[in-house]
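**Student:** Sharing target_35.pdb below, PDB, C-alpha atoms, pLDDT in the B column:
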```
ATOM      1  CA  MET A   7     -56.351 -47.873-108.517  1.00 95.00           C
ATOM      2  CA  ARG A   8     -55.859 -44.156-107.876  1.00 97.00           C
ATOM      3  CA  ILE A   9     -58.458 -41.544-108.707  1.00 98.00           C
ATOM      4  CA  ARG A  10     -58.526 -37.767-108.444  1.00 98.00           C
ATOM      5  CA  VAL A  11     -61.680 -35.784-107.721  1.00 98.00           C
ATOM      6  CA  HIS A  12     -61.779 -32.036-108.385  1.00 98.00           C
ATOM      7  CA  VAL A  13     -64.435 -30.046-106.555  1.00 98.00           C
ATOM      8  CA  THR A  14     -64.765 -26.442-107.724  1.00 97.00           C
ATOM      9  CA  PRO A  15     -67.265 -23.653-107.072  1.00 97.00           C
ATOM     10  CA  ARG A  16     -69.990 -23.530-109.726  1.00 97.00           C
ATOM     11  CA  LYS A  17     -69.965 -20.694-112.242  1.00 94.00           C
ATOM     12  CA  GLY A  18     -71.860 -17.761-110.785  1.00 93.00           C
ATOM     13  CA  VAL A  19     -71.351 -18.840-107.187  1.00 96.00           C
ATOM     14  CA  LEU A  20     -69.372 -16.369-105.116  1.00 96.00           C
ATOM     15  CA  ASP A  21     -65.877 -17.654-104.311  1.00 97.00           C
ATOM     16  CA  PRO A  22     -64.494 -15.580-101.438  1.00 97.00           C
ATOM     17  CA  GLN A  23     -61.370 -17.719-101.185  1.00 97.00           C
ATOM     18  CA  GLY A  24     -60.639 -17.079-104.852  1.00 98.00           C
ATOM     19  CA  GLN A  25     -61.174 -13.351-104.356  1.00 97.00           C
ATOM     20  CA  ALA A  26     -58.795 -13.385-101.409  1.00 98.00           C
ATOM     21  CA  VAL A  27     -56.145 -15.155-103.485  1.00 98.00           C
ATOM     22  CA  ALA A  28     -56.607 -12.677-106.357  1.00 97.00           C
ATOM     23  CA  HIS A  29     -56.249  -9.789-103.923  1.00 97.00           C
ATOM     24  CA  GLY A  30     -53.168 -11.326-102.318  1.00 97.00           C
ATOM     25  CA  LEU A  31     -51.532 -11.914-105.692  1.00 98.00           C
ATOM     26  CA  ALA A  32     -52.222  -8.314-106.734  1.00 97.00           C
ATOM     27  CA  GLN A  33     -50.604  -7.098-103.495  1.00 97.00           C
ATOM     28  CA  LEU A  34     -47.524  -9.162-104.346  1.00 97.00           C
ATOM     29  CA  GLY A  35     -47.215  -7.493-107.751  1.00 96.00           C
ATOM     30  CA  PHE A  36     -49.021 -10.094-109.880  1.00 96.00           C
ATOM     31  CA  ASP A  37     -51.281  -7.427-111.315  1.00 91.00           C
ATOM     32  CA  ALA A  38     -52.361  -9.177-114.491  1.00 92.00           C
ATOM     33  CA  VAL A  39     -54.294 -11.897-112.705  1.00 96.00           C
ATOM     34  CA  GLY A  40     -57.944 -12.089-113.748  1.00 95.00           C
ATOM     35  CA  GLU A  41     -60.474 -14.420-112.223  1.00 96.00           C
ATOM     36  CA  VAL A  42     -59.258 -16.862-109.573  1.00 97.00           C
ATOM     37  CA  ARG A  43     -61.307 -19.847-108.395  1.00 98.00           C
ATOM     38  CA  VAL A  44     -60.206 -22.072-105.555  1.00 98.00           C
ATOM     39  CA  GLY A  45     -61.440 -25.616-105.162  1.00 98.00           C
ATOM     40  CA  LYS A  46     -60.435 -28.903-103.592  1.00 98.00           C
ATOM     41  CA  VAL A  47     -58.566 -31.820-105.054  1.00 98.00           C
ATOM     42  CA  VAL A  48     -59.045 -35.222-103.430  1.00 98.00           C
ATOM     43  CA  ASP A  49     -56.704 -38.075-104.340  1.00 98.00           C
ATOM     44  CA  LEU A  50     -57.983 -41.505-103.334  1.00 97.00           C
ATOM     45  CA  VAL A  51     -56.680 -45.040-103.499  1.00 97.00           C
ATOM     46  CA  LEU A  52     -59.392 -47.593-104.285  1.00 97.00           C
ATOM     47  CA  ASP A  53     -58.473 -51.115-103.244  1.00 95.00           C
ATOM     48  CA  ASN A  54     -61.387 -52.858-104.963  1.00 93.00           C
ATOM     49  CA  ALA A  55     -61.813 -51.120-108.329  1.00 93.00           C
ATOM     50  CA  SER A  56     -62.126 -53.771-111.011  1.00 93.00           C
ATOM     51  CA  SER A  57     -61.713 -51.414-113.974  1.00 96.00           C
ATOM     52  CA  GLU A  58     -61.293 -47.767-114.862  1.00 96.00           C
ATOM     53  CA  SER A  59     -65.014 -47.347-115.394  1.00 96.00           C
ATOM     54  CA  ASP A  60     -65.726 -48.958-112.026  1.00 96.00           C
ATOM     55  CA  ALA A  61     -63.236 -46.575-110.385  1.00 97.00           C
ATOM     56  CA  LEU A  62     -64.882 -43.600-112.117  1.00 97.00           C
ATOM     57  CA  GLU A  63     -68.317 -44.682-110.940  1.00 97.00           C
ATOM     58  CA  GLN A  64     -67.133 -45.136-107.362  1.00 97.00           C
ATOM     59  CA  GLY A  65     -65.493 -41.711-107.477  1.00 98.00           C
ATOM     60  CA  GLN A  66     -68.672 -40.092-108.769  1.00 98.00           C
ATOM     61  CA  ALA A  67     -70.733 -41.751-106.059  1.00 98.00           C
ATOM     62  CA  MET A  68     -68.291 -40.523-103.390  1.00 98.00           C
ATOM     63  CA  ALA A  69     -68.363 -37.013-104.810  1.00 98.00           C
ATOM     64  CA  ARG A  70     -72.163 -36.937-104.809  1.00 98.00           C
ATOM     65  CA  LYS A  71     -72.498 -38.324-101.308  1.00 98.00           C
ATOM     66  CA  LEU A  72     -69.659 -36.641 -99.473  1.00 98.00           C
ATOM     67  CA  LEU A  73     -67.002 -34.703-101.335  1.00 98.00           C
ATOM     68  CA  ALA A  74     -69.061 -32.123-103.227  1.00 98.00           C
ATOM     69  CA  ASN A  75     -72.082 -30.016-102.439  1.00 98.00           C
ATOM     70  CA  GLU A  76     -73.766 -30.049-105.828  1.00 97.00           C
ATOM     71  CA  VAL A  77     -75.884 -27.003-105.047  1.00 97.00           C
ATOM     72  CA  VAL A  78     -72.819 -24.775-105.194  1.00 97.00           C
ATOM     73  CA  GLU A  79     -70.011 -27.018-106.451  1.00 98.00           C
ATOM     74  CA  ASP A  80     -69.140 -28.956-109.584  1.00 98.00           C
ATOM     75  CA  PHE A  81     -66.965 -32.026-109.573  1.00 98.00           C
ATOM     76  CA  THR A  82     -64.946 -34.070-112.037  1.00 98.00           C
ATOM     77  CA  VAL A  83     -63.410 -37.499-111.519  1.00 98.00           C
ATOM     78  CA  GLU A  84     -60.375 -38.861-113.331  1.00 97.00           C
ATOM     79  CA  VAL A  85     -58.472 -42.111-113.039  1.00 97.00           C
ATOM     80  CA  LEU A  86     -54.775 -41.616-112.322  1.00 95.00           C
ATOM     81  CA  GLY A  87     -53.915 -45.285-112.879  1.00 86.00           C
TER      82      GLY A  87
ATOM     83  CA  MET B   6     -54.265 -17.792-120.653  1.00 95.00           C
ATOM     84  CA  ARG B   7     -55.667 -20.106-117.987  1.00 97.00           C
ATOM     85  CA  ILE B   8     -53.500 -22.055-115.582  1.00 98.00           C
ATOM     86  CA  ARG B   9     -54.257 -24.563-112.850  1.00 98.00           C
ATOM     87  CA  VAL B  10     -52.152 -24.938-109.717  1.00 98.00           C
ATOM     88  CA  HIS B  11     -52.454 -28.038-107.542  1.00 98.00           C
ATOM     89  CA  VAL B  12     -51.274 -27.742-103.954  1.00 98.00           C
ATOM     90  CA  THR B  13     -51.124 -31.049-102.085  1.00 97.00           C
ATOM     91  CA  PRO B  14     -49.696 -32.144 -98.727  1.00 97.00           C
ATOM     92  CA  ARG B  15     -46.167 -33.534 -99.055  1.00 97.00           C
ATOM     93  CA  LYS B  16     -45.606 -37.242 -98.677  1.00 94.00           C
ATOM     94  CA  GLY B  17     -45.107 -38.028 -95.002  1.00 93.00           C
ATOM     95  CA  VAL B  18     -46.911 -34.940 -93.791  1.00 96.00           C
ATOM     96  CA  LEU B  19     -50.002 -35.663 -91.749  1.00 96.00           C
ATOM     97  CA  ASP B  20     -53.207 -34.839 -93.650  1.00 97.00           C
ATOM     98  CA  PRO B  21     -56.049 -34.642 -91.126  1.00 97.00           C
ATOM     99  CA  GLN B  22     -58.535 -33.498 -93.775  1.00 97.00           C
ATOM    100  CA  GLY B  23     -57.700 -36.573 -95.848  1.00 98.00           C
ATOM    101  CA  GLN B  24     -58.121 -38.803 -92.797  1.00 97.00           C
ATOM    102  CA  ALA B  25     -61.497 -37.227 -92.081  1.00 98.00           C
ATOM    103  CA  VAL B  26     -62.615 -37.850 -95.667  1.00 98.00           C
ATOM    104  CA  ALA B  27     -61.414 -41.465 -95.512  1.00 97.00           C
ATOM    105  CA  HIS B  28     -63.312 -41.955 -92.261  1.00 97.00           C
ATOM    106  CA  GLY B  29     -66.454 -40.335 -93.680  1.00 97.00           C
ATOM    107  CA  LEU B  30     -66.331 -42.499 -96.788  1.00 98.00           C
ATOM    108  CA  ALA B  31     -65.925 -45.647 -94.683  1.00 97.00           C
ATOM    109  CA  GLN B  32     -68.973 -44.607 -92.628  1.00 97.00           C
ATOM    110  CA  LEU B  33     -70.944 -44.283 -95.864  1.00 97.00           C
ATOM    111  CA  GLY B  34     -70.032 -47.804 -96.896  1.00 96.00           C
ATOM    112  CA  PHE B  35     -67.064 -47.094 -99.161  1.00 96.00           C
ATOM    113  CA  ASP B  36     -64.943 -49.529 -97.240  1.00 91.00           C
ATOM    114  CA  ALA B  37     -62.281 -50.230 -99.847  1.00 92.00           C
ATOM    115  CA  VAL B  38     -60.851 -46.726 -99.785  1.00 96.00           C
ATOM    116  CA  GLY B  39     -57.164 -46.630 -98.955  1.00 95.00           C
ATOM    117  CA  GLU B  40     -55.145 -43.476 -98.534  1.00 96.00           C
ATOM    118  CA  VAL B  41     -56.934 -40.162 -99.111  1.00 97.00           C
ATOM    119  CA  ARG B  42     -55.092 -36.870 -99.553  1.00 98.00           C
ATOM    120  CA  VAL B  43     -56.883 -33.558 -99.820  1.00 98.00           C
ATOM    121  CA  GLY B  44     -55.326 -30.517-101.443  1.00 98.00           C
ATOM    122  CA  LYS B  45     -56.291 -27.300-103.150  1.00 98.00           C
ATOM    123  CA  VAL B  46     -56.771 -26.529-106.795  1.00 98.00           C
ATOM    124  CA  VAL B  47     -56.428 -22.920-107.903  1.00 98.00           C
ATOM    125  CA  ASP B  48     -57.570 -21.916-111.393  1.00 98.00           C
ATOM    126  CA  LEU B  49     -56.255 -18.561-112.550  1.00 97.00           C
ATOM    127  CA  VAL B  50     -56.681 -16.384-115.605  1.00 97.00           C
ATOM    128  CA  LEU B  51     -53.470 -14.584-116.608  1.00 97.00           C
ATOM    129  CA  ASP B  52     -54.078 -11.534-118.762  1.00 95.00           C
ATOM    130  CA  ASN B  53     -50.447 -10.912-119.699  1.00 93.00           C
ATOM    131  CA  ALA B  54     -48.927 -14.345-120.352  1.00 93.00           C
ATOM    132  CA  SER B  55     -46.992 -14.207-123.617  1.00 93.00           C
ATOM    133  CA  SER B  56     -46.528 -17.966-123.990  1.00 96.00           C
ATOM    134  CA  GLU B  57     -47.194 -21.248-122.249  1.00 96.00           C
ATOM    135  CA  SER B  58     -43.760 -21.243-120.655  1.00 96.00           C
ATOM    136  CA  ASP B  59     -44.285 -17.682-119.422  1.00 96.00           C
ATOM    137  CA  ALA B  60     -47.631 -18.728-117.923  1.00 97.00           C
ATOM    138  CA  LEU B  61     -45.976 -21.730-116.229  1.00 97.00           C
ATOM    139  CA  GLU B  62     -43.249 -19.532-114.767  1.00 97.00           C
ATOM    140  CA  GLN B  63     -45.758 -17.016-113.455  1.00 97.00           C
ATOM    141  CA  GLY B  64     -47.795 -19.823-111.908  1.00 98.00           C
ATOM    142  CA  GLN B  65     -44.715 -21.286-110.220  1.00 98.00           C
ATOM    143  CA  ALA B  66     -43.773 -17.884-108.823  1.00 98.00           C
ATOM    144  CA  MET B  67     -47.313 -17.414-107.464  1.00 98.00           C
ATOM    145  CA  ALA B  68     -47.285 -20.873-105.914  1.00 98.00           C
ATOM    146  CA  ARG B  69     -43.933 -20.236-104.206  1.00 98.00           C
ATOM    147  CA  LYS B  70     -44.896 -16.814-102.907  1.00 98.00           C
ATOM    148  CA  LEU B  71     -48.519 -17.294-101.911  1.00 98.00           C
ATOM    149  CA  LEU B  72     -50.399 -20.433-102.867  1.00 98.00           C
ATOM    150  CA  ALA B  73     -48.244 -23.172-101.364  1.00 98.00           C
ATOM    151  CA  ASN B  74     -46.290 -23.597 -98.159  1.00 98.00           C
ATOM    152  CA  GLU B  75     -43.331 -25.558 -99.482  1.00 97.00           C
ATOM    153  CA  VAL B  76     -42.362 -26.822 -96.048  1.00 97.00           C
ATOM    154  CA  VAL B  77     -45.411 -29.069 -95.963  1.00 97.00           C
ATOM    155  CA  GLU B  78     -46.935 -28.822 -99.448  1.00 98.00           C
ATOM    156  CA  ASP B  79     -45.999 -29.709-102.997  1.00 98.00           C
ATOM    157  CA  PHE B  80     -47.373 -27.902-106.006  1.00 98.00           C
ATOM    158  CA  THR B  81     -47.704 -28.469-109.732  1.00 98.00           C
ATOM    159  CA  VAL B  82     -48.664 -25.956-112.392  1.00 98.00           C
ATOM    160  CA  GLU B  83     -50.309 -26.758-115.712  1.00 97.00           C
ATOM    161  CA  VAL B  84     -51.515 -24.581-118.569  1.00 97.00           C
ATOM    162  CA  LEU B  85     -55.181 -25.126-119.421  1.00 95.00           C
ATOM    163  CA  GLY B  86     -55.040 -23.033-122.598  1.00 86.00           C
TER     164      GLY B  86
END
```
Just give me the structure of the file as structure tokens.
**Tutor:**
Amino acid sequence: MRIRVHVTPRKGVLDPQGQAVAHGLAQLGFDAVGEVRVGKVVDLVLDNASSESDALEQGQAMARKLLANEVVEDFTVEVLG
Amino acid sequence: MRIRVHVTPRKGVLDPQGQAVAHGLAQLGFDAVGEVRVGKVVDLVLDNASSESDALEQGQAMARKLLANEVVEDFTVEVLG
């Protein structure tokens, strides 16, 4: 089963990478770009997931333990099938 | 209008960050994890998008010019609303 984990900076946390992208886009002429936030997307193949809910739970456990820093990042997990 | 751009390593391109995540997860006891690919997710607010298709086109142009390196990365753009 394949899952996708999004890890994004929490609201209110400074996102220098997002600011750099916004600045770069403005330099290229994309001058109507408002806020930009940059995060990570992690696609994983789970060989032992017995169901979608099992895959979701495994993904959440992985996000909590390794993929996300919950002090400054939020995460979401979805099953891709 | 808000859009989300995913930038992921192309199939066949080495993804050392994904390998590191897979290794870290195995160390933590998640031993049924197969392939892991790590990419970026960029959420943008467009202040001047007149329609969903306009927002998609702007996002694709941004991805081609700045967000993705199409030699080694794929991208997808979706409208969040």
**Student:** Please report as a ChimeraX atom specification which residues of chain A come no farther than 6 Å from chain B, using all atoms listed in the file.
**Tutor:** /A:38-54
**Student:** Can you superpose chain A onto chain B by least squares over all C-alpha atoms paired in order and give the moved copy as a CSV table (one decimal) with C-alpha atoms, in the frame of the given file?
**Tutor:**
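Below is the file that was written, result_30.csv:
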```csv
chain,number,residue,atom,x,y,z
A,7,MET,CA,-54.3,-17.8,-120.7
A,8,ARG,CA,-55.7,-20.1,-118.0
A,9,ILE,CA,-53.5,-22.1,-115.6
A,10,ARG,CA,-54.2,-24.6,-112.9
A,11,VAL,CA,-52.1,-24.9,-109.7
A,12,HIS,CA,-52.4,-28.0,-107.5
A,13,VAL,CA,-51.3,-27.7,-104.0
A,14,THR,CA,-51.1,-31.1,-102.1
A,15,PRO,CA,-49.7,-32.2,-98.7
A,16,ARG,CA,-46.2,-33.5,-99.1
A,17,LYS,CA,-45.6,-37.3,-98.7
A,18,GLY,CA,-45.1,-38.0,-95.0
A,19,VAL,CA,-46.9,-34.9,-93.8
A,20,LEU,CA,-50.0,-35.7,-91.7
A,21,ASP,CA,-53.2,-34.8,-93.6
A,22,PRO,CA,-56.1,-34.6,-91.1
A,23,GLN,CA,-58.5,-33.5,-93.8
A,24,GLY,CA,-57.7,-36.6,-95.8
A,25,GLN,CA,-58.1,-38.8,-92.8
A,26,ALA,CA,-61.5,-37.2,-92.1
A,27,VAL,CA,-62.6,-37.8,-95.7
A,28,ALA,CA,-61.4,-41.5,-95.5
A,29,HIS,CA,-63.3,-42.0,-92.3
A,30,GLY,CA,-66.5,-40.3,-93.7
A,31,LEU,CA,-66.3,-42.5,-96.8
A,32,ALA,CA,-65.9,-45.6,-94.7
A,33,GLN,CA,-69.0,-44.6,-92.6
A,34,LEU,CA,-71.0,-44.3,-95.9
A,35,GLY,CA,-70.1,-47.8,-96.9
A,36,PHE,CA,-67.1,-47.1,-99.2
A,37,ASP,CA,-64.9,-49.5,-97.2
A,38,ALA,CA,-62.3,-50.2,-99.9
A,39,VAL,CA,-60.9,-46.7,-99.8
A,40,GLY,CA,-57.2,-46.6,-99.0
A,41,GLU,CA,-55.2,-43.5,-98.5
A,42,VAL,CA,-56.9,-40.2,-99.1
A,43,ARG,CA,-55.1,-36.9,-99.5
A,44,VAL,CA,-56.9,-33.5,-99.8
A,45,GLY,CA,-55.3,-30.5,-101.4
A,46,LYS,CA,-56.3,-27.3,-103.1
A,47,VAL,CA,-56.8,-26.5,-106.8
A,48,VAL,CA,-56.4,-22.9,-107.9
A,49,ASP,CA,-57.6,-21.9,-111.4
A,50,LEU,CA,-56.2,-18.6,-112.6
A,51,VAL,CA,-56.7,-16.4,-115.6
A,52,LEU,CA,-53.5,-14.6,-116.6
A,53,ASP,CA,-54.1,-11.5,-118.8
A,54,ASN,CA,-50.5,-10.9,-119.7
A,55,ALA,CA,-49.0,-14.3,-120.4
A,56,SER,CA,-47.0,-14.2,-123.6
A,57,SER,CA,-46.5,-18.0,-124.0
A,58,GLU,CA,-47.2,-21.2,-122.2
A,59,SER,CA,-43.8,-21.2,-120.7
A,60,ASP,CA,-44.3,-17.7,-119.4
A,61,ALA,CA,-47.6,-18.7,-117.9
A,62,LEU,CA,-46.0,-21.7,-116.2
A,63,GLU,CA,-43.3,-19.5,-114.8
A,64,GLN,CA,-45.8,-17.0,-113.5
A,65,GLY,CA,-47.8,-19.8,-111.9
A,66,GLN,CA,-44.7,-21.3,-110.2
A,67,ALA,CA,-43.8,-17.9,-108.8
A,68,MET,CA,-47.3,-17.4,-107.5
A,69,ALA,CA,-47.3,-20.9,-105.9
A,70,ARG,CA,-43.9,-20.2,-104.2
A,71,LYS,CA,-44.9,-16.8,-102.9
A,72,LEU,CA,-48.5,-17.3,-101.9
A,73,LEU,CA,-50.4,-20.4,-102.9
A,74,ALA,CA,-48.2,-23.2,-101.4
A,75,ASN,CA,-46.3,-23.6,-98.2
A,76,GLU,CA,-43.3,-25.6,-99.5
A,77,VAL,CA,-42.4,-26.8,-96.0
A,78,VAL,CA,-45.4,-29.1,-96.0
A,79,GLU,CA,-46.9,-28.8,-99.4
A,80,ASP,CA,-46.0,-29.7,-103.0
A,81,PHE,CA,-47.4,-27.9,-106.0
A,82,THR,CA,-47.7,-28.5,-109.7
A,83,VAL,CA,-48.6,-26.0,-112.4
A,84,GLU,CA,-50.3,-26.8,-115.7
A,85,VAL,CA,-51.5,-24.6,-118.6
A,86,LEU,CA,-55.2,-25.1,-119.4
A,87,GLY,CA,-55.0,-23.0,-122.6
```
**Student:** Enclose the full set of atoms of range 56-64 of chain A listed in the file within a box whose edges lie along x, y and z, apply 6 Å of padding to each of the six sides, and report centre and edge lengths in Å to one decimal as lines of an AutoDock Vina configuration file.
**Tutor:**
```
center_x = -64.8
center_y = -48.7
center_z = -111.4
size_x = 19.0
size_y = 22.2
size_z = 20.0
```
**Student:** Report as a PyMOL selection string all protein, DNA and RNA residues lying within 6 Å of Val78 in chain A, evaluated on all atoms listed in the file, omitting residues in the same chain fewer than 2 positions from it.
**Tutor:** chain A and resi 15-16+75-76
**Student:** Would you mind reading off the distance between CA of Gly86 in chain B and CA of Ala26 in chain A, one decimal, in Å?
**Tutor:**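 That distance, rounded to one decimal, is 23.6 Å.
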**Student:** Which residue is closest to Leu62 in chain A? Choose from A:Ala74, A:Leu86, A:Ala32, A:Val19 and count only C-alpha atoms.
**Tutor:**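 Between A:Ala74, A:Leu86, A:Ala32, A:Val19, the residue approaching Leu62 in chain A most closely is A:Leu86.
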**Student:** In Å to one decimal, how far is CA of Asp59 in chain B from CA of Thr81 in chain B?
**Tutor:**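 Computed distance, CA of Thr81 in chain B to CA of Asp59 in chain B, equals 14.9 Å.
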**Student:** Go ahead and compute the interatomic distance for CA of Phe80 in chain B and CA of Gly64 in chain B, in Å to one decimal.
**Tutor:** 10.0 Å
